[in-house]
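This is target09.csv. It holds CSV, C-alpha atoms and all ligand atoms.
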```
chain,number,residue,atom,x,y,z
A,1415,MET,CA,0.0,0.0,0.0
A,1416,GLN,CA,1.1,3.6,-0.7
A,1417,PRO,CA,0.0,7.0,0.7
A,1418,SER,CA,-2.7,8.6,-1.5
A,1419,CYS,CA,-1.6,11.4,-3.9
A,1420,TYR,CA,-4.4,13.5,-2.3
A,1421,VAL,CA,-3.0,13.5,1.3
A,1422,THR,CA,-1.4,16.6,2.9
A,1423,THR,CA,0.1,17.0,6.3
A,1424,PHE,CA,0.6,19.9,8.8
A,1425,PRO,CA,2.8,20.1,11.8
A,1426,CYS,CA,1.3,20.1,15.3
A,1427,PRO,CA,3.4,22.8,17.0
A,1428,ASP,CA,1.9,22.0,20.4
A,1429,LYS,CA,2.6,18.3,20.1
A,1430,PRO,CA,6.1,17.5,19.1
A,1431,GLY,CA,6.4,14.2,17.2
A,1432,ARG,CA,2.8,14.4,15.9
A,1433,LEU,CA,1.2,15.8,12.8
A,1434,LEU,CA,-2.2,16.5,11.3
A,1435,LEU,CA,-3.1,14.7,8.2
A,1436,LEU,CA,-5.8,15.7,5.7
A,1437,ALA,CA,-7.0,13.1,3.2
A,1438,THR,CA,-8.7,15.4,0.7
A,1439,ARG,CA,-10.6,12.7,-1.3
A,1440,ARG,CA,-12.6,11.6,1.8
A,1441,CYS,CA,-12.3,14.9,3.8
A,1442,ALA,CA,-10.7,12.8,6.6
A,1443,VAL,CA,-8.7,14.7,9.2
A,1444,MET,CA,-6.6,12.8,11.7
A,1445,GLU,CA,-3.7,13.3,14.2
A,1446,LEU,CA,-1.0,10.7,14.0
A,1447,SER,CA,2.7,10.2,14.9
A,1448,ASP,CA,5.6,11.2,12.7
A,1449,GLU,CA,6.7,7.7,13.1
A,1450,LEU,CA,3.5,6.2,11.6
A,1451,TRP,CA,3.6,8.7,8.8
A,1452,GLN,CA,7.2,7.8,8.0
A,1453,ARG,CA,6.3,4.1,8.1
A,1454,MET,CA,3.4,4.6,5.7
A,1455,ARG,CA,5.7,6.5,3.2
A,1456,ASP,CA,8.4,3.8,3.5
A,1457,GLY,CA,5.8,1.0,2.9
A,1458,GLY,CA,6.8,-0.4,6.4
A,1459,GLU,CA,5.0,-3.0,8.5
A,1460,MET,CA,1.5,-2.1,9.8
A,1461,GLU,CA,-1.2,-3.8,11.9
A,1462,GLU,CA,-4.0,-5.2,9.8
A,1463,GLU,CA,-6.6,-3.0,11.6
A,1464,GLU,CA,-4.4,0.1,11.2
A,1465,ARG,CA,-4.0,-0.5,7.5
A,1466,GLU,CA,-7.8,-1.1,7.0
A,1467,THR,CA,-8.7,2.1,8.8
A,1468,LEU,CA,-6.2,4.2,6.8
A,1469,GLN,CA,-7.4,2.6,3.6
A,1470,ARG,CA,-11.0,3.3,4.4
A,1471,LEU,CA,-10.2,6.9,5.2
A,1472,GLY,CA,-8.4,7.3,1.8
A,1473,VAL,CA,-4.9,7.7,3.3
A,1474,LEU,CA,-3.5,4.5,1.9
A,1475,VAL,CA,-4.2,3.2,-1.6
A,1476,HIS,CA,-3.1,0.2,-3.6
A,1477,ASP,CA,-1.9,2.1,-6.6
A,1478,ARG,CA,-1.3,5.8,-6.9
A,1479,GLU,CA,-1.4,5.9,-10.7
A,1480,ALA,CA,-4.8,4.1,-10.6
A,1481,GLU,CA,-6.0,6.6,-8.1
A,1482,LYS,CA,-5.0,9.5,-10.3
A,1483,GLU,CA,-6.7,7.8,-13.3
A,1484,GLU,CA,-9.9,7.4,-11.2
A,1485,MET,CA,-9.8,11.1,-10.4
A,1486,ARG,CA,-9.3,12.0,-14.0
A,1487,GLU,CA,-12.3,9.9,-15.0
A,1488,THR,CA,-14.4,11.5,-12.2
A,1489,PHE,CA,-13.7,15.0,-13.6
A,1490,ASP,CA,-14.2,13.8,-17.2
A,1491,ARG,CA,-17.6,12.4,-16.2
A,1492,ILE,CA,-18.6,15.6,-14.4
A,1493,ASN,CA,-17.5,17.7,-17.4
A,1494,ARG,CA,-19.4,15.4,-19.8
A,1495,GLU,CA,-22.6,15.7,-17.7
A,1496,SER,CA,-22.4,19.5,-17.1
A,1497,ARG,CA,-23.4,22.2,-19.6
A,1498,HIS,CA,-21.5,24.7,-17.6
A,1499,LEU,CA,-17.7,25.2,-17.7
A,1500,SER,CA,-15.9,26.9,-14.8
A,1501,VAL,CA,-12.3,28.0,-15.2
A,1502,VAL,CA,-9.8,29.7,-12.9
A,1503,ALA,CA,-7.4,31.9,-14.8
A,1504,ALA,CA,-4.4,33.2,-12.8
A,1505,LEU,CA,-3.4,36.5,-14.5
A,1506,THR,CA,-0.4,37.3,-12.4
A,1507,MET,CA,1.4,36.3,-9.2
A,1508,GLU,CA,2.4,39.9,-8.6
A,1509,CYS,CA,0.6,41.8,-5.9
A,1510,ASN,CA,0.6,45.3,-4.4
A,1511,LEU,CA,0.2,43.9,-0.9
A,1512,ALA,CA,2.8,42.0,1.2
A,1513,CYS,CA,0.8,39.8,3.5
A,1514,PRO,CA,3.2,37.9,5.6
A,1515,TYR,CA,1.2,34.7,5.3
A,1516,CYS,CA,1.0,34.9,1.5
A,1517,PHE,CA,1.6,31.4,0.0
A,1518,LYS,CA,2.2,32.9,-3.4
A,1519,ALA,CA,5.2,35.0,-2.4
A,1520,PRO,CA,7.7,32.5,-3.7
A,1521,PHE,CA,6.0,32.7,-7.2
A,1522,ARG,CA,6.4,36.4,-7.6
A,1523,GLY,CA,8.6,37.8,-10.4
A,1524,GLU,CA,8.1,36.8,-14.0
A,1525,GLN,CA,4.9,35.0,-13.3
A,1526,THR,CA,2.4,37.0,-15.4
A,1527,MET,CA,0.2,35.6,-18.1
A,1528,ASP,CA,1.6,36.5,-21.5
A,1529,ASP,CA,-0.3,37.3,-24.7
A,1530,ALA,CA,0.3,33.8,-26.2
A,1531,ILE,CA,-1.3,32.1,-23.1
A,1532,ALA,CA,-4.1,34.6,-23.1
A,1533,ASP,CA,-4.8,33.8,-26.8
A,1534,LEU,CA,-4.7,30.1,-26.0
A,1535,LEU,CA,-7.1,30.6,-23.2
A,1536,ILE,CA,-9.5,32.5,-25.4
A,1537,ARG,CA,-9.2,29.9,-28.2
A,1538,ARG,CA,-9.8,26.9,-25.9
A,1539,MET,CA,-12.7,28.5,-24.0
A,1540,SER,CA,-14.3,29.6,-27.3
A,1541,GLU,CA,-14.1,26.0,-28.6
A,1542,ARG,CA,-15.9,24.8,-25.5
A,1543,MET,CA,-18.6,27.5,-25.9
A,1544,SER,CA,-19.0,26.4,-29.5
A,1545,GLN,CA,-20.0,23.0,-28.1
A,1546,GLY,CA,-22.8,24.7,-26.2
A,1547,LEU,CA,-21.2,25.2,-22.8
A,1548,ASP,CA,-21.9,28.3,-20.6
A,1549,LEU,CA,-18.7,29.7,-19.3
A,1550,THR,CA,-17.7,31.2,-15.9
A,1551,VAL,CA,-14.1,32.4,-15.4
A,1552,ASP,CA,-12.6,33.3,-12.0
A,1553,PHE,CA,-9.8,35.7,-12.6
A,1554,TYR,CA,-7.2,35.1,-9.9
A,1555,GLY,CA,-3.8,36.3,-8.7
A,1556,GLY,CA,-1.6,37.6,-7.0
A,1557,GLU,CA,-3.7,40.7,-7.5
A,1558,ALA,CA,-5.7,40.1,-10.8
A,1559,LEU,CA,-6.5,43.8,-11.2
A,1560,LEU,CA,-2.8,44.6,-11.7
A,1561,GLN,CA,-3.5,43.1,-15.1
A,1562,LEU,CA,-6.6,45.0,-15.9
A,1563,THR,CA,-5.9,45.5,-19.6
A,1564,LEU,CA,-5.3,41.8,-20.1
A,1565,LEU,CA,-8.4,40.9,-18.1
A,1566,LYS,CA,-10.5,43.3,-20.3
A,1567,ARG,CA,-9.0,41.8,-23.5
A,1568,ILE,CA,-9.8,38.3,-22.4
A,1569,ALA,CA,-13.3,39.1,-21.2
A,1570,THR,CA,-14.2,41.1,-24.3
A,1571,ALA,CA,-13.1,38.2,-26.6
A,1572,LEU,CA,-15.0,35.6,-24.5
A,1573,GLN,CA,-18.1,37.7,-24.3
A,1574,ARG,CA,-18.0,38.0,-28.1
A,1575,ALA,CA,-17.6,34.3,-28.5
A,1576,ALA,CA,-20.5,33.6,-26.1
A,1577,LEU,CA,-22.7,35.8,-28.1
A,1578,GLU,CA,-21.7,34.1,-31.3
A,1579,HIS,CA,-22.4,30.6,-30.0
A,1580,GLY,CA,-25.6,31.5,-28.1
A,1581,VAL,CA,-24.3,30.6,-24.6
A,1582,THR,CA,-23.6,32.7,-21.5
A,1583,PHE,CA,-20.3,34.1,-20.2
A,1584,GLN,CA,-19.6,35.7,-16.9
A,1585,PHE,CA,-16.6,36.3,-14.7
A,1586,ASN,CA,-15.6,36.8,-11.1
A,1587,ILE,CA,-12.5,38.4,-9.7
A,1588,PHE,CA,-10.4,37.5,-6.8
A,1589,SER,CA,-9.1,40.8,-5.6
A,1590,ASN,CA,-7.5,42.2,-2.5
A,1591,GLY,CA,-9.9,45.2,-3.0
A,1592,THR,CA,-7.3,48.0,-3.2
A,1593,LEU,CA,-7.8,48.6,-6.9
A,1594,LEU,CA,-11.5,47.8,-7.1
A,1595,THR,CA,-12.7,51.4,-7.5
A,1596,ARG,CA,-16.2,52.2,-8.8
A,1597,PRO,CA,-14.9,53.3,-12.3
A,1598,VAL,CA,-13.2,50.0,-12.7
A,1599,VAL,CA,-16.3,48.1,-11.7
A,1600,GLU,CA,-18.4,50.2,-14.0
A,1601,GLU,CA,-16.1,49.4,-16.8
A,1602,LEU,CA,-16.1,45.7,-16.1
A,1603,LEU,CA,-19.8,45.1,-15.5
A,1604,PRO,CA,-20.8,45.3,-19.2
A,1605,LEU,CA,-18.1,42.8,-20.0
A,1606,GLY,CA,-19.7,40.2,-17.7
A,1607,LEU,CA,-18.4,40.9,-14.2
A,1608,ALA,CA,-20.7,39.0,-11.9
A,1609,ALA,CA,-19.1,39.1,-8.4
A,1610,VAL,CA,-15.9,39.8,-6.5
A,1611,ARG,CA,-14.2,38.0,-3.7
A,1612,LEU,CA,-12.2,40.3,-1.5
A,1613,THR,CA,-10.6,40.1,1.9
A,1614,LEU,CA,-10.6,42.0,5.2
A,1615,ASP,CA,-8.8,40.4,8.0
A,1616,GLY,CA,-10.6,42.2,10.8
A,1617,PRO,CA,-10.7,45.8,12.2
A,1618,PRO,CA,-8.0,48.2,11.0
A,1619,ASP,CA,-5.2,47.4,13.4
A,1620,ILE,CA,-5.4,43.7,12.7
A,1621,HIS,CA,-6.1,44.0,8.9
A,1622,ASP,CA,-3.3,46.5,8.4
A,1623,SER,CA,-0.7,44.3,10.3
A,1624,GLN,CA,-1.7,41.2,8.3
A,1625,ARG,CA,-2.3,42.9,4.9
A,1626,PRO,CA,0.0,45.9,4.4
A,1627,PHE,CA,0.8,47.4,1.0
A,1628,VAL,CA,4.3,46.6,-0.2
A,1629,SER,CA,5.4,50.0,1.2
A,1630,GLY,CA,4.3,48.9,4.6
A,1631,ARG,CA,1.3,51.2,4.7
A,1632,GLY,CA,-2.0,49.7,5.9
A,1633,SER,CA,-4.6,48.8,3.2
A,1634,PHE,CA,-7.8,48.8,5.3
A,1635,ALA,CA,-8.9,52.4,4.6
A,1636,ALA,CA,-8.5,51.9,0.8
A,1637,ILE,CA,-10.4,48.7,0.7
A,1638,MET,CA,-13.2,50.0,2.9
A,1639,GLU,CA,-13.5,53.0,0.7
A,1640,ASN,CA,-13.8,50.8,-2.4
A,1641,ILE,CA,-16.4,48.5,-0.7
A,1642,HIS,CA,-18.5,51.5,0.2
A,1643,ALA,CA,-18.2,52.8,-3.4
A,1644,ILE,CA,-19.2,49.5,-5.1
A,1645,HIS,CA,-21.4,47.5,-2.8
A,1646,ASP,CA,-24.6,48.8,-4.4
A,1647,ILE,CA,-23.6,47.7,-7.9
A,1648,LEU,CA,-21.6,44.5,-7.5
A,1649,PRO,CA,-22.2,41.4,-5.4
A,1650,ILE,CA,-19.3,41.0,-2.9
A,1651,ASP,CA,-18.2,37.8,-1.3
A,1652,LEU,CA,-16.2,38.9,1.8
A,1653,GLY,CA,-13.5,36.7,3.2
A,1654,GLY,CA,-10.9,37.2,5.9
A,1655,ASN,CA,-8.1,35.3,7.6
A,1656,PHE,CA,-7.9,34.8,11.3
A,1657,THR,CA,-5.5,33.4,13.8
A,1658,ARG,CA,-6.0,32.0,17.3
A,1659,GLU,CA,-5.1,35.4,18.7
A,1660,ASN,CA,-7.5,37.6,16.8
A,1661,TYR,CA,-10.6,35.6,15.6
A,1662,ARG,CA,-12.8,37.1,18.3
A,1663,ARG,CA,-12.5,40.5,16.7
A,1664,PHE,CA,-14.4,39.8,13.5
A,1665,PRO,CA,-17.7,41.2,15.0
A,1666,GLU,CA,-15.9,44.6,15.3
A,1667,LEU,CA,-15.3,44.5,11.5
A,1668,LEU,CA,-19.0,43.8,10.8
A,1669,ASP,CA,-19.9,46.7,13.1
A,1670,LEU,CA,-17.5,49.0,11.2
A,1671,LEU,CA,-19.1,48.0,7.9
A,1672,ILE,CA,-22.5,49.0,9.3
A,1673,ALA,CA,-21.2,52.2,10.7
A,1674,ARG,CA,-19.8,53.1,7.3
A,1675,GLY,CA,-23.2,52.7,5.8
A,1676,ILE,CA,-22.6,49.2,4.3
A,1677,ASP,CA,-25.5,46.9,5.0
A,1678,PRO,CA,-24.0,43.4,5.6
A,1679,ALA,CA,-27.1,41.9,4.0
A,1680,ARG,CA,-25.9,43.2,0.7
A,1681,PHE,CA,-22.9,40.8,0.8
A,1682,LYS,CA,-23.3,37.8,-1.3
A,1683,ALA,CA,-21.5,35.7,1.3
A,1684,VAL,CA,-19.3,36.3,4.3
A,1685,GLY,CA,-16.8,33.6,5.4
A,1686,PHE,CA,-13.5,33.6,7.3
A,1687,SER,CA,-10.7,31.1,7.1
A,1688,PRO,CA,-7.9,30.2,9.5
A,1689,VAL,CA,-4.3,31.1,8.8
A,1690,VAL,CA,-2.7,27.6,8.8
A,1691,PRO,CA,0.8,26.4,9.4
A,1692,ARG,CA,2.8,25.4,6.4
A,1693,ALA,CA,4.9,22.2,6.5
A,1694,ASP,CA,7.9,24.3,7.6
A,1695,GLY,CA,5.9,25.8,10.5
A,1696,SER,CA,5.5,29.3,9.0
A,1697,LEU,CA,1.9,30.5,8.4
A,1698,ALA,CA,-0.1,30.6,5.2
A,1699,GLY,CA,-3.4,32.4,4.7
A,1700,ASP,CA,-5.8,33.7,2.1
A,1701,LEU,CA,-7.2,30.2,1.6
A,1702,GLY,CA,-10.6,31.5,0.8
A,1703,GLY,CA,-13.4,30.4,-1.5
A,1704,THR,CA,-14.3,31.5,-4.9
A,1705,PRO,CA,-17.1,34.0,-5.5
A,1706,ARG,CA,-19.3,30.9,-6.2
A,1707,GLY,CA,-18.3,29.6,-2.8
A,1708,GLN,CA,-16.1,26.7,-3.8
A,1709,ALA,CA,-13.0,26.0,-1.9
A,1710,LEU,CA,-9.9,27.3,-3.6
A,1711,ASN,CA,-6.7,28.7,-2.4
A,1712,HIS,CA,-6.1,32.4,-3.1
A,1801,LIG,S1,-2.3,37.0,0.2
A,1801,LIG,FE1,-3.3,37.8,-1.6
A,1801,LIG,S2,-3.4,40.1,-1.2
A,1801,LIG,FE2,-1.9,39.2,0.2
A,1801,LIG,S3,0.1,39.4,-0.8
A,1801,LIG,FE3,-0.7,37.4,-1.3
A,1801,LIG,S4,-1.8,37.6,-3.2
A,1801,LIG,FE4,-1.5,39.7,-2.4
```
In structure tokens, what does this structure look like?
Ligand code: SF4
Amino acid sequence: MQPSCYVTTFPCPDKPGRLLLLATRRCAVMELSDELWQRMRDGGEMEEEERETLQRLGVLVHDREAEKEEMRETFDRINRESRHLSVVAALTMECNLACPYCFKAPFRGEQTMDDAIADLLIRRMSERMSQGLDLTVDFYGGEALLQLTLLKRIATALQRAALEHGVTFQFNIFSNGTLLTRPVVEELLPLGLAAVRLTLDGPPDIHDSQRPFVSGRGSFAAIMENIHAIHDILPIDLGGNFTRENYRRFPELLDLLIARGIDPARFKAVGFSPVVPRADGSLAGDLGGTPRGQALNH
């Protein structure tokens, strides 16, 4: 038996020698010893009962390649049965914020979609729309709005293709909210903008320490200003990242939104996620959902 391809582990800082394991195919979470995990990876001896339990929970599999093939078939079947295609398009890994928990920081640099890839995306998506599929694209980053010109070019072409093939096209944006001004939203709505997912990590002192601009300046005021300016014309899915130290302060954020004249009932969804330890013990956050509420790291 081998560990599943779809297993991930996290350290237990409070419990040396133990780790948390997440088997994503079965959504099974368990705490186990480093020693057992190492034994699993080495294909070492194991009690029968232990092996059966780990197999049932999707931690151990007979054949990793067969497991991957099974997953491919599952997605193929779902795609065949659905008349709706959802795509995530990462426009850039660049960002104007410098959140200490950002898991994309190592990918900064030259990681921006070029024209050739954008053309390929447009061509492939147009082909699928010509087969009768409605299309939703989630534009993602980094900060996707740093590539506003590219985003508009892609959206314009896909909207034209949707019209040509008699299907629908809409898009959502994952944004940190700093560049999402009302003029930008007004420009994007006619191109198919349906919703935005943005992030506030709590009241200003917490948010600004967790999500500063690259310059070090806090970003709370700019984001709040933009939410106020757009909340009546665009559905907003509000996310936030919390730690064990500050999760109790989210109600203050909701009170601040109300005080600013933003009715929380106007939000499409509000959901907060924990900042989780990486394998090396440092913290990773912004693991929110898409504007449609599916789980996806941002
Ligand atoms: S977590 Fe999001 S907003 Fe923060 S630096 Fe990373 S990409 Fe930018």
Counting all atoms listed in the file, what is within 9 Å of A:Pro1626, bar same-chain residues fewer than 4 positions away, as a PyMOL selection string? chain A and resi 1510-1514+1621-1622+1630-1634
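Candidate residues A:Leu1602, A:Ala1683, A:Ile1647, A:Ala1558 were compared for distance to ligand LIG 1801 (chain A), and the nearest is A:Ala1558, using only C-alpha atoms and all ligand atoms.
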Taking all atoms listed in the file and a cut-off of 9 Å, can you tell me which residues surround ligand LIG 1801 (chain A), written as a count of residues only? 34
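You will find atom CA of A:Asp1548 at 10.6 Å from atom CA of A:Leu1577.
Rounded to one decimal, atom CA of A:Asp1669 and atom CA of A:Leu1593 lie 23.5 Å from each other.
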Report, in Å to a single decimal, how far apart atom CA of A:Asp1533 and atom CA of A:Leu1549 are. 16.3 Å
With only C-alpha atoms as the atoms that count, which of A:Ile1620, A:Ala1636, A:Cys1426, A:Leu1562 lies nearest to A:Tyr1661? A:Ile1620
12 Å contact set for A:Ala1569, all atoms listed in the file, chain neighbours under 5 positions out, as a ChimeraX atom specification: /A:1503,1532-1533,1535-1536,1539-1540,1549-1553,1562-1564,1574-1576,1583-1587,1601-1608
